[in-house]
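Novice: mmCIF, C-alpha atoms, saved as data01.cif, coming up:
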```
data_run
loop_
_atom_site.label_atom_id
_atom_site.label_comp_id
_atom_site.auth_asym_id
_atom_site.auth_seq_id
_atom_site.Cartn_x
_atom_site.Cartn_y
_atom_site.Cartn_z
CA MET R 20 55.09 9.79 -6.51
CA ALA R 21 55.91 8.65 -2.98
CA LYS R 22 57.80 5.39 -2.87
CA ASN R 23 55.59 2.86 -1.07
CA ALA R 24 54.72 -0.72 -1.87
CA ALA R 25 51.98 -0.83 -4.51
CA ASN R 26 49.73 -2.95 -2.29
CA ASP R 27 49.94 -0.30 0.43
CA ARG R 28 48.57 2.52 -1.73
CA ILE R 29 45.06 3.81 -2.16
CA GLU R 30 43.91 4.96 -5.59
CA ALA R 31 40.97 7.18 -6.44
CA VAL R 32 39.68 8.13 -9.87
CA TYR R 33 37.98 11.48 -10.49
CA TRP R 34 36.24 13.29 -13.31
CA ILE R 35 37.29 16.94 -13.31
CA GLU R 36 36.40 20.11 -15.19
CA THR R 37 38.80 23.04 -14.93
CA ALA R 38 40.14 26.16 -16.65
CA TYR R 39 43.60 25.37 -15.24
CA PRO R 40 46.20 23.33 -17.13
CA LEU R 41 45.31 19.72 -16.34
CA ALA R 42 48.69 18.88 -14.80
CA ASP R 43 48.42 21.93 -12.52
CA ALA R 44 44.85 21.04 -11.52
CA ALA R 45 45.84 17.46 -10.66
CA ALA R 46 48.81 18.71 -8.63
CA ILE R 47 46.47 21.02 -6.68
CA MET R 48 44.21 18.07 -5.89
CA ALA R 49 47.12 15.93 -4.74
CA GLY R 50 48.58 18.69 -2.58
CA GLU R 51 45.28 19.68 -0.98
CA GLN R 52 44.57 16.11 0.09
CA SER R 53 48.04 15.23 1.41
CA THR R 54 51.08 17.29 2.37
CA GLY R 55 50.44 20.60 0.64
CA THR R 56 48.64 23.86 1.19
CA PHE R 57 48.34 27.02 -0.93
CA VAL R 58 52.01 27.81 -0.28
CA ARG R 59 55.07 25.70 0.55
CA VAL R 60 55.68 25.71 4.32
CA PRO R 61 58.97 25.00 6.11
CA GLY R 62 57.89 21.59 7.42
CA GLU R 63 57.04 20.32 3.94
CA THR R 64 60.47 18.93 3.22
CA ASP R 65 61.41 16.97 0.13
CA GLU R 66 61.84 13.90 2.34
CA LEU R 67 58.35 14.30 3.80
CA ARG R 68 56.84 14.78 0.35
CA GLU R 69 58.63 11.71 -0.95
CA LEU R 70 57.01 9.58 1.75
CA TYR R 71 53.57 11.09 2.17
CA ALA R 72 52.55 13.29 -0.76
CA ALA R 73 49.70 12.06 -2.92
CA GLY R 74 50.81 11.02 -6.38
CA VAL R 75 49.25 11.86 -9.72
CA GLU R 76 49.11 8.49 -11.43
CA ARG R 77 47.21 9.25 -14.63
CA ILE R 78 45.55 12.12 -16.48
CA VAL R 79 43.30 11.27 -19.40
CA GLU R 80 41.96 14.33 -21.21
CA LEU R 81 38.33 13.95 -22.30
CA GLY R 82 37.38 17.21 -24.04
CA THR R 83 36.23 20.75 -23.42
CA VAL R 84 33.00 22.43 -22.31
CA ASP R 85 31.47 25.74 -23.29
CA ALA R 86 30.45 26.86 -19.81
CA PRO R 87 31.26 25.95 -16.20
CA SER R 88 29.09 23.17 -14.80
CA LEU R 89 29.24 24.58 -11.27
CA SER R 90 29.32 28.16 -10.02
CA GLY R 91 32.15 29.69 -8.05
CA SER R 92 35.12 28.41 -10.03
CA GLY R 93 38.12 30.57 -10.78
CA LEU R 94 40.84 31.12 -13.37
CA PRO R 95 44.60 30.68 -13.08
CA LYS R 96 46.41 33.69 -11.62
CA GLY R 97 47.29 36.20 -14.31
CA HIS R 98 45.11 34.46 -16.91
CA ALA R 99 44.38 36.50 -20.05
CA GLY R 100 42.59 35.63 -23.24
CA PRO R 101 39.89 33.04 -23.97
CA VAL R 102 38.87 30.63 -21.22
CA VAL R 103 39.17 26.95 -22.14
CA ARG R 104 37.63 24.55 -19.66
CA ARG R 105 38.90 21.01 -20.05
CA THR R 106 37.50 17.79 -18.68
CA ALA R 107 39.64 14.84 -17.73
CA GLU R 108 39.84 11.65 -15.71
CA VAL R 109 42.48 11.96 -13.02
CA THR R 110 43.84 9.14 -10.85
CA LEU R 111 45.52 10.01 -7.56
CA SER R 112 47.18 7.69 -5.07
CA TRP R 113 48.12 7.93 -1.40
CA PRO R 114 50.24 5.81 0.92
CA LEU R 115 48.10 3.86 3.36
CA ALA R 116 50.28 5.32 6.12
CA ASN R 117 48.66 8.73 5.64
CA MET R 118 45.36 7.72 7.23
CA GLY R 119 45.64 4.05 8.13
CA ALA R 120 42.95 1.49 7.30
CA SER R 121 40.15 3.78 8.48
CA LEU R 122 36.98 4.35 6.46
CA PRO R 123 36.10 7.73 8.03
CA ASN R 124 39.60 9.05 7.40
CA LEU R 125 39.70 7.49 3.95
CA LEU R 126 36.55 9.47 3.14
CA ALA R 127 38.17 12.68 4.38
CA THR R 128 41.09 11.98 2.03
CA VAL R 129 39.41 10.88 -1.20
CA ALA R 130 36.16 12.86 -0.83
CA GLY R 131 37.05 15.84 1.32
CA ASN R 132 37.82 19.47 0.47
CA LEU R 133 38.42 18.61 -3.18
CA PHE R 134 34.82 19.39 -4.07
CA GLU R 135 35.17 23.00 -2.88
CA LEU R 136 38.42 23.94 -4.60
CA LYS R 137 38.08 27.08 -6.73
CA PRO R 138 40.13 25.77 -9.70
CA PHE R 139 37.36 23.26 -10.46
CA SER R 140 34.02 23.89 -12.11
CA GLY R 141 33.30 20.18 -11.77
CA LEU R 142 34.76 17.32 -9.73
CA LYS R 143 33.30 13.89 -9.07
CA LEU R 144 34.72 10.79 -7.38
CA LEU R 145 34.33 7.85 -9.77
CA ASP R 146 36.09 4.93 -8.10
CA VAL R 147 38.39 3.98 -5.26
CA THR R 148 40.75 0.99 -5.03
CA LEU R 149 41.85 -0.07 -1.56
CA PRO R 150 44.69 -2.25 -0.29
CA PRO R 151 43.83 -5.52 1.51
CA ALA R 152 44.64 -3.89 4.85
CA PHE R 153 41.09 -2.47 4.79
CA LEU R 154 39.66 -5.97 4.62
CA GLN R 155 41.73 -6.91 7.65
CA ALA R 156 40.48 -3.86 9.58
CA TYR R 157 36.79 -4.21 8.62
CA GLN R 158 34.56 -7.24 8.61
CA GLY R 159 32.63 -6.68 5.40
CA PRO R 160 29.28 -8.43 4.85
CA GLN R 161 28.42 -11.26 7.21
CA PHE R 162 25.84 -12.89 4.92
CA GLY R 163 26.00 -11.34 1.47
CA VAL R 164 24.52 -13.21 -1.47
CA GLN R 165 24.83 -16.80 -0.29
CA GLY R 166 23.87 -16.06 3.31
CA THR R 167 20.75 -14.22 2.17
CA ARG R 168 19.79 -17.19 0.02
CA ARG R 169 20.34 -19.51 2.98
CA LEU R 170 18.19 -17.40 5.28
CA THR R 171 15.35 -17.04 2.76
CA ARG R 172 15.72 -20.59 1.37
CA VAL R 173 15.49 -19.22 -2.15
CA THR R 174 17.63 -20.86 -4.83
CA GLY R 175 17.65 -20.75 -8.62
CA ARG R 176 15.83 -17.42 -8.90
CA PRO R 177 15.88 -13.93 -7.39
CA VAL R 178 14.50 -13.24 -3.94
CA ILE R 179 11.04 -11.71 -4.48
CA GLY R 180 10.40 -8.84 -2.10
CA THR R 181 8.07 -6.01 -1.28
CA ILE R 182 7.65 -3.00 1.00
CA LEU R 183 5.03 -2.48 3.68
CA LYS R 184 2.72 0.26 2.41
CA PRO R 185 1.43 2.83 3.11
CA SER R 186 4.84 3.97 4.31
CA VAL R 187 3.48 5.56 7.48
CA GLY R 188 0.14 5.75 9.23
CA MET R 189 -0.60 2.11 9.98
CA THR R 190 -0.74 0.74 13.53
CA PRO R 191 1.47 -2.18 14.57
CA GLU R 192 -1.53 -4.49 14.23
CA GLN R 193 -2.35 -3.23 10.72
CA THR R 194 1.28 -3.58 9.72
CA ALA R 195 1.40 -7.14 11.02
CA ALA R 196 -1.81 -8.02 9.19
CA GLN R 197 -0.30 -6.80 5.94
CA ALA R 198 2.88 -8.81 6.60
CA ARG R 199 0.76 -11.94 7.19
CA MET R 200 -1.09 -11.34 3.92
CA LEU R 201 2.22 -10.92 2.05
CA ALA R 202 3.67 -14.07 3.59
CA GLU R 203 0.58 -16.02 2.56
CA ALA R 204 1.00 -14.58 -0.94
CA GLY R 205 4.43 -16.23 -1.17
CA VAL R 206 6.75 -13.23 -0.79
CA ASP R 207 10.33 -14.07 0.20
CA PHE R 208 11.33 -10.68 1.61
CA ILE R 209 9.37 -7.91 3.36
CA LYS R 210 10.81 -4.58 4.46
CA ASP R 211 9.75 -1.58 6.42
CA ASP R 212 9.69 1.64 4.46
CA GLU R 213 12.62 3.90 5.36
CA LEU R 214 10.09 6.48 6.63
CA GLN R 215 8.63 4.01 9.13
CA ALA R 216 10.78 4.27 12.23
CA ASP R 217 9.62 4.70 15.84
CA GLY R 218 6.68 7.08 15.84
CA PRO R 219 4.12 7.10 18.66
CA HIS R 220 1.38 5.66 16.44
CA CYS R 221 3.58 2.72 15.38
CA PRO R 222 6.49 2.30 17.81
CA PHE R 223 9.35 0.11 16.65
CA GLU R 224 9.16 -2.50 19.41
CA LYS R 225 5.42 -3.12 19.01
CA ARG R 226 5.54 -3.11 15.21
CA MET R 227 8.52 -5.43 14.95
CA ALA R 228 7.15 -7.86 17.54
CA ALA R 229 3.72 -7.95 15.91
CA VAL R 230 5.15 -8.56 12.43
CA LEU R 231 7.51 -11.29 13.58
CA ARG R 232 4.76 -13.04 15.55
CA GLU R 233 2.80 -13.34 12.32
CA LEU R 234 5.82 -14.48 10.30
CA ASN R 235 6.86 -16.98 12.96
CA ALA R 236 3.34 -18.41 13.01
CA TYR R 237 3.42 -18.65 9.23
CA ALA R 238 6.76 -20.46 9.40
CA ASP R 239 5.37 -22.90 11.95
CA ARG R 240 2.51 -23.72 9.57
CA THR R 241 4.44 -23.89 6.31
CA GLY R 242 8.16 -24.23 7.04
CA LYS R 243 8.87 -21.01 5.10
CA ARG R 244 9.87 -17.81 6.85
CA PRO R 245 9.95 -14.60 4.80
CA MET R 246 12.86 -12.35 5.68
CA TYR R 247 11.65 -9.17 7.39
CA ALA R 248 13.97 -6.14 7.28
CA ALA R 249 12.91 -4.13 10.32
CA ASN R 250 14.01 -0.50 10.13
CA ILE R 251 16.24 0.02 13.18
CA THR R 252 17.73 3.37 12.03
CA GLY R 253 18.56 5.60 14.97
CA GLU R 254 21.34 6.49 17.38
CA ILE R 255 24.00 3.81 17.81
CA ASP R 256 22.75 2.62 21.20
CA GLN R 257 19.18 2.51 19.88
CA MET R 258 20.22 0.46 16.87
CA LEU R 259 22.07 -2.06 19.02
CA ARG R 260 19.06 -2.47 21.32
CA ARG R 261 16.68 -2.76 18.37
CA HIS R 262 18.95 -5.34 16.73
CA ASP R 263 18.86 -7.42 19.91
CA ALA R 264 15.07 -7.18 20.04
CA VAL R 265 14.84 -8.44 16.45
CA VAL R 266 17.11 -11.39 17.24
CA ALA R 267 15.14 -12.24 20.38
CA ALA R 268 11.91 -12.21 18.35
CA GLY R 269 13.33 -14.62 15.77
CA GLY R 270 14.08 -12.13 13.00
CA THR R 271 16.76 -12.63 10.37
CA CYS R 272 17.31 -9.10 9.01
CA ILE R 273 17.52 -5.44 9.99
CA MET R 274 17.36 -2.35 7.80
CA VAL R 275 19.42 0.82 8.16
CA SER R 276 19.29 4.14 6.27
CA LEU R 277 22.98 4.41 5.39
CA ASN R 278 23.30 8.13 4.80
CA SER R 279 21.48 8.87 8.05
CA VAL R 280 23.77 6.87 10.36
CA GLY R 281 27.22 7.12 8.76
CA LEU R 282 30.09 4.68 8.35
CA PRO R 283 31.27 4.45 12.00
CA ALA R 284 27.76 3.61 13.20
CA MET R 285 27.47 0.93 10.56
CA THR R 286 30.79 -0.67 11.49
CA ALA R 287 29.74 -0.69 15.16
CA LEU R 288 26.46 -2.33 14.21
CA ARG R 289 28.23 -4.88 12.01
CA ARG R 290 30.53 -5.91 14.87
CA HIS R 291 27.43 -6.55 16.96
CA ALA R 292 25.14 -8.03 14.32
CA GLN R 293 23.84 -11.59 14.22
CA VAL R 294 21.45 -11.04 11.29
CA ALA R 295 21.64 -9.70 7.74
CA ILE R 296 21.93 -5.92 7.30
CA HIS R 297 19.76 -4.39 4.58
CA GLY R 298 21.30 -1.10 3.46
CA HIS R 299 18.92 1.58 2.19
CA ARG R 300 20.58 4.39 0.26
CA ASN R 301 17.81 7.02 0.64
CA GLY R 302 19.35 10.42 0.03
CA TRP R 303 21.58 8.95 -2.67
CA GLY R 304 20.58 11.68 -5.13
CA MET R 305 22.65 14.19 -3.13
CA PHE R 306 25.75 12.32 -4.27
CA SER R 307 24.69 11.21 -7.72
CA ARG R 308 22.26 13.50 -9.47
CA SER R 309 24.76 16.04 -10.75
CA HIS R 310 27.27 14.86 -13.31
CA ALA R 311 29.63 17.55 -12.02
CA THR R 312 29.96 16.74 -8.32
CA GLY R 313 29.43 14.03 -5.72
CA MET R 314 30.48 10.44 -6.22
CA SER R 315 29.57 7.43 -8.31
CA PHE R 316 27.78 4.42 -6.88
CA ILE R 317 30.84 2.33 -7.70
CA ALA R 318 32.86 4.22 -5.10
CA TYR R 319 29.95 4.62 -2.66
CA GLN R 320 29.02 0.97 -2.38
CA LYS R 321 32.61 -0.13 -1.76
CA LEU R 322 32.70 1.91 1.45
CA TRP R 323 29.45 0.41 2.71
CA ARG R 324 30.37 -3.12 1.71
CA LEU R 325 33.48 -2.92 3.85
CA ALA R 326 31.44 -1.41 6.69
CA GLY R 327 29.30 -4.54 6.65
CA ILE R 328 26.03 -4.29 4.72
CA ASP R 329 24.63 -7.43 3.04
CA HIS R 330 22.13 -5.81 0.64
CA VAL R 331 21.91 -2.39 -0.98
CA HIS R 332 19.36 -0.66 -3.19
CA VAL R 333 20.35 0.02 -6.81
CA ASN R 334 17.06 1.32 -8.23
CA GLY R 335 15.39 -0.57 -11.12
CA LEU R 336 14.89 -0.45 -14.86
CA ARG R 337 12.47 2.17 -16.16
CA ASN R 338 12.13 3.46 -12.62
CA LYS R 339 10.30 6.48 -11.19
CA PHE R 340 13.55 8.28 -10.45
CA CYS R 341 16.00 10.04 -12.75
CA GLU R 342 18.61 7.27 -12.95
CA PRO R 343 19.07 5.73 -16.42
CA ASP R 344 18.93 1.98 -16.93
CA ASP R 345 22.62 1.55 -17.78
CA SER R 346 23.56 3.16 -14.46
CA VAL R 347 21.21 0.82 -12.56
CA ILE R 348 22.76 -2.25 -14.15
CA ALA R 349 26.31 -1.01 -13.63
CA SER R 350 25.49 -0.45 -9.94
CA ALA R 351 24.04 -3.93 -9.52
CA ARG R 352 26.92 -5.55 -11.35
CA GLU R 353 29.39 -3.75 -9.11
CA CYS R 354 27.73 -5.19 -5.98
CA LEU R 355 28.42 -8.68 -7.33
CA THR R 356 32.04 -7.91 -8.28
CA PRO R 357 34.88 -8.81 -5.88
CA MET R 358 36.58 -5.78 -4.34
CA PHE R 359 39.92 -7.48 -3.80
CA PRO R 360 41.98 -9.90 -5.90
CA ALA R 361 42.60 -13.51 -4.85
CA PRO R 362 43.40 -14.84 -2.31
CA TYR R 363 41.33 -12.23 -0.45
CA LYS R 364 37.57 -12.63 -0.15
CA GLY R 365 35.45 -10.43 -2.32
CA CYS R 366 32.70 -8.88 -0.13
CA GLU R 367 29.97 -9.46 -2.72
CA ILE R 368 26.53 -8.23 -1.65
CA MET R 369 22.96 -8.59 -2.89
CA PRO R 370 21.71 -5.73 -5.11
CA VAL R 371 18.11 -4.72 -4.47
CA PHE R 372 16.01 -3.71 -7.50
CA SER R 373 13.00 -1.54 -6.69
CA SER R 374 11.02 1.51 -7.83
CA GLY R 375 8.09 0.82 -10.12
CA GLN R 376 9.13 -2.75 -10.88
CA SER R 377 6.79 -5.44 -12.15
CA ALA R 378 6.95 -8.52 -14.35
CA LYS R 379 7.49 -6.44 -17.48
CA GLN R 380 11.06 -5.28 -16.63
CA ILE R 381 12.33 -8.75 -15.72
CA PRO R 382 13.62 -10.00 -19.12
CA ASP R 383 15.61 -6.80 -19.68
CA THR R 384 16.95 -6.93 -16.12
CA TYR R 385 18.15 -10.51 -16.52
CA LYS R 386 19.60 -9.93 -19.97
CA ALA R 387 21.54 -6.87 -18.83
CA LEU R 388 22.74 -8.19 -15.46
CA GLY R 389 23.29 -11.82 -16.43
CA SER R 390 22.60 -13.01 -12.89
CA MET R 391 19.72 -14.00 -10.64
CA ASP R 392 21.58 -12.94 -7.51
CA LEU R 393 19.34 -10.02 -6.54
CA ILE R 394 16.33 -9.01 -4.49
CA TYR R 395 13.52 -7.96 -6.82
CA ALA R 396 11.24 -5.73 -4.75
CA CYS R 397 7.81 -4.77 -6.07
CA GLY R 398 5.07 -2.83 -4.35
CA GLY R 399 2.34 -2.22 -6.90
CA GLY R 400 3.68 -5.09 -9.01
CA ILE R 401 2.45 -7.41 -6.26
CA LEU R 402 -0.27 -5.58 -4.35
CA ALA R 403 -1.98 -4.10 -7.44
CA HIS R 404 -2.17 -7.35 -9.42
CA PRO R 405 -5.79 -7.76 -10.62
CA SER R 406 -6.06 -11.22 -9.05
CA GLY R 407 -4.45 -10.28 -5.76
CA PRO R 408 -0.99 -10.37 -4.15
CA ALA R 409 -0.48 -14.13 -4.49
CA ALA R 410 -1.03 -13.84 -8.23
CA GLY R 411 1.32 -10.83 -8.24
CA VAL R 412 4.09 -12.89 -6.65
CA ARG R 413 3.45 -15.77 -9.01
CA SER R 414 3.57 -13.43 -12.03
CA LEU R 415 7.06 -12.34 -10.99
CA GLN R 416 8.24 -15.90 -10.52
CA GLN R 417 6.84 -16.78 -13.94
CA ALA R 418 8.56 -13.82 -15.57
CA TRP R 419 11.90 -14.91 -14.13
CA GLU R 420 11.25 -18.47 -15.33
CA ALA R 421 10.62 -17.11 -18.82
CA ALA R 422 13.73 -14.95 -18.73
CA ALA R 423 15.92 -17.87 -17.63
CA ALA R 424 14.49 -20.05 -20.38
CA GLY R 425 14.92 -17.39 -23.05
CA VAL R 426 11.18 -17.33 -23.76
CA SER R 427 9.38 -14.02 -24.37
CA LEU R 428 6.92 -12.84 -21.76
CA ALA R 429 4.16 -12.75 -24.35
CA GLU R 430 4.70 -16.40 -25.24
CA TYR R 431 5.03 -17.52 -21.61
CA ALA R 432 1.90 -15.59 -20.71
CA THR R 433 -0.22 -17.65 -23.09
CA VAL R 434 -0.06 -20.55 -20.63
CA HIS R 435 0.45 -18.62 -17.37
CA ALA R 436 -2.61 -16.63 -16.35
CA GLU R 437 -0.96 -14.65 -13.56
CA LEU R 438 1.74 -13.34 -15.88
CA ARG R 439 -0.82 -12.58 -18.59
CA SER R 440 -2.87 -10.48 -16.17
CA ALA R 441 0.23 -8.65 -14.92
CA LEU R 442 1.29 -7.71 -18.45
CA GLU R 443 -2.19 -6.41 -19.18
CA ALA R 444 -2.39 -4.45 -15.91
CA PHE R 445 1.07 -2.93 -16.04
CA SER R 446 1.37 -2.29 -19.77
CA ALA R 447 1.23 1.51 -19.50
#
```
Show me, as structure tokens, the structure contained in the file I just sent.
Specialist:
Amino acid sequence: MAKNAANDRIEAVYWIETAYPLADAAAIMAGEQSTGTFVRVPGETDELRELYAAGVERIVELGTVDAPSLSGSGLPKGHAGPVVRRTAEVTLSWPLANMGASLPNLLATVAGNLFELKPFSGLKLLDVTLPPAFLQAYQGPQFGVQGTRRLTRVTGRPVIGTILKPSVGMTPEQTAAQARMLAEAGVDFIKDDELQADGPHCPFEKRMAAVLRELNAYADRTGKRPMYAANITGEIDQMLRRHDAVVAAGGTCIMVSLNSVGLPAMTALRRHAQVAIHGHRNGWGMFSRSHATGMSFIAYQKLWRLAGIDHVHVNGLRNKFCEPDDSVIASARECLTPMFPAPYKGCEIMPVFSSGQSAKQIPDTYKALGSMDLIYACGGGILAHPSGPAAGVRSLQQAWEAAAAGVSLAEYATVHAELRSALEAFSA
């Protein structure tokens, strides 16, 4: 391993599947992503390798598989006899000097050509650990958990949120009317759908201004201003202009589709931002759905936290997607976990639970996560409540009260009509 100070090294953990000897496979990974190529070249001196080659820190064998998980993999040169494909967890490390404290170049190093290497019939990035130099180069979240609570004035419980629906097709005036109705229902957080951008039937400027006029008027009447995450996703110059328009209109949040804009655009936006940044991970399944390739959410969210998001979606329990509950909770827990040891700040951000959520998932969510630091976003769980959206919001608040008190929903519902109706309506 190259001799560099431990706090100047980057580590990445991978799951691999290969027909090669594990030590050889790990060495191929390390070489491909640092000083090596398929053959030793004259410039690759021992001295250069000592300083800059990636190191294989750990190999933990996990077992074997009967068939390759991905197509296109190969066998070691000259291989004869039965094929044994082994799985393992491999940890590699690199000196920071190889790429500097740069998120785009970090991504090229830890999640680059590795996925295409023929020796592997499976390879997935599981985690990445970064030196504090990255925190000095990037700003991280500006608001995070506590700032979001301050902006929404919500304490002692989760932030209750919802999404403007239908996703597309409404005019700015219709969108604003729905936002007014949701504010009057008691919602803390309202977001554009990621599909609602800047179409001619509902242009961004008109929609955002109309919604914030309604929310500002509501705040003038009541003293409470729901946070509105306006979808500003676009080219960098568009996003900066849209951010400024949101600020001028009195908004406190913007929303960006992370996978659409990329890390450099997000860091540029974060340097400019005066409001909270709501990160939407639409397209996440491209990274996560296969067990044999892509990356874990643990690694993914660390990159975006450093880039500057304040919230990120983590799915929800018993959701409409393919993600299992234990993965959802692990993702949310990771958002609330410091990235760096003391004395460095931790970059904690607010996980956003969504996708088919209602009052009925709340006790399990609280029990598994052990925290109320989250945005709990419900569409049908609010709008489809039999007694209307205000009762839908109240049913969610009641369910969180019950969870915090350790009382079952059934028992709490006997004296809380809104919760009782929600459990009856959403029992299927």
Novice: Could you name the residues that touch range 77-83 of chain R at 10 Å or less, counting all atoms listed in the file, but leaving out those on the same chain fewer than 2 positions away, as a list of chain:residue names?
Specialist: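 Non-adjacent residues within range: R:Val32, R:Tyr33, R:Trp34, R:Ile35, R:Glu36, R:Thr37, R:Ala38, R:Leu41, R:Ala42, R:Ala45, R:Gly74, R:Val75, R:Asp85, R:Ala86, R:Val103, R:Arg104, R:Arg105, R:Thr106, R:Ala107, R:Glu108, R:Val109, R:Thr110, R:Leu111, R:Ser112.
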Novice: Got a sec to resolve the PyMOL selection byres ((chain R and resi 445) around 12) on this structure and send the residues as a list of chain:residue names?
Specialist: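 Residues picked by the PyMOL selection byres ((chain R and resi 445) around 12): R:Gly375, R:Gln376, R:Ser377, R:Ala378, R:Lys379, R:Gln380, R:Gly399, R:Gly400, R:Ile401, R:Ala403, R:His404, R:Pro405, R:Gly411, R:Ser414, R:Leu438, R:Arg439, R:Ser440, R:Ala441, R:Leu442, R:Glu443, R:Ala444, R:Ser446, R:Ala447.
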Novice: Work out how far apart CA of Asp65 in chain R and CA of Glu30 in chain R are and give it in Å to one decimal.
Specialist: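 Separation of CA of Asp65 in chain R and CA of Glu30 in chain R: 22.0 Å.
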Novice: Which residue out of R:Met305, R:Gly218, R:Ala418, R:Arg413 has the minimum interatomic distance to Tyr385 in chain R when only C-alpha atoms are used?
Specialist: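 Once distances to Tyr385 in chain R are computed over only C-alpha atoms, the minimum belongs to R:Ala418.
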Novice: Can you list what the PyMOL selection byres ((chain R and resi 417) around 9) grabs from this structure, as a list in words?
Specialist: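 Going through the file, the PyMOL selection byres ((chain R and resi 417) around 9) ends up selecting Ala378, Val412, Arg413, Ser414, Leu415, Gln416, Ala418, Trp419, Glu420, Ala421, Ala422, Leu428, Tyr431, Ala432, His435, Glu437 and Leu438 of chain R.
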Novice: If I only have part of range 367-382 of chain R, can you fill in N, CA and C atoms and write it as a compact mmCIF listing (two decimals), keeping the file's coordinate frame?
Specialist:
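out_39.txt, written as the output of this step:
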```
# COMPACT_ATOMS: atom_id res chain seq x y z
N GLU R 367 31.12 -9.65 -1.84
CA GLU R 367 29.97 -9.46 -2.72
C GLU R 367 28.69 -9.32 -1.89
N ILE R 368 27.79 -8.44 -2.34
CA ILE R 368 26.53 -8.23 -1.65
C ILE R 368 25.37 -8.30 -2.63
N MET R 369 24.17 -8.40 -2.08
CA MET R 369 22.96 -8.59 -2.89
C MET R 369 22.41 -7.23 -3.34
N PRO R 370 22.37 -6.96 -4.65
CA PRO R 370 21.71 -5.73 -5.11
C PRO R 370 20.20 -5.86 -4.99
N VAL R 371 19.56 -4.74 -4.66
CA VAL R 371 18.11 -4.72 -4.47
C VAL R 371 17.50 -3.84 -5.56
N PHE R 372 16.72 -4.45 -6.46
CA PHE R 372 16.01 -3.71 -7.50
C PHE R 372 14.65 -3.30 -6.96
N SER R 373 14.29 -2.04 -7.16
CA SER R 373 13.00 -1.54 -6.69
C SER R 373 12.64 -0.30 -7.50
N SER R 374 11.52 0.30 -7.19
CA SER R 374 11.02 1.51 -7.83
C SER R 374 10.25 1.22 -9.11
N GLY R 375 8.96 1.00 -8.95
CA GLY R 375 8.09 0.82 -10.12
C GLY R 375 8.33 -0.47 -10.88
N GLN R 376 8.83 -1.49 -10.20
CA GLN R 376 9.13 -2.75 -10.88
C GLN R 376 7.91 -3.66 -10.92
N SER R 377 7.83 -4.44 -11.99
CA SER R 377 6.79 -5.44 -12.15
C SER R 377 7.35 -6.54 -13.04
N ALA R 378 6.49 -7.42 -13.49
CA ALA R 378 6.95 -8.52 -14.35
C ALA R 378 7.55 -8.01 -15.65
N LYS R 379 7.12 -6.86 -16.13
CA LYS R 379 7.49 -6.44 -17.48
C LYS R 379 8.96 -6.06 -17.61
N GLN R 380 9.64 -5.65 -16.53
CA GLN R 380 11.06 -5.28 -16.63
C GLN R 380 12.00 -6.48 -16.47
N ILE R 381 11.47 -7.62 -16.12
CA ILE R 381 12.33 -8.75 -15.72
C ILE R 381 13.21 -9.27 -16.86
N PRO R 382 12.71 -9.49 -18.07
CA PRO R 382 13.62 -10.00 -19.12
C PRO R 382 14.79 -9.07 -19.39
```
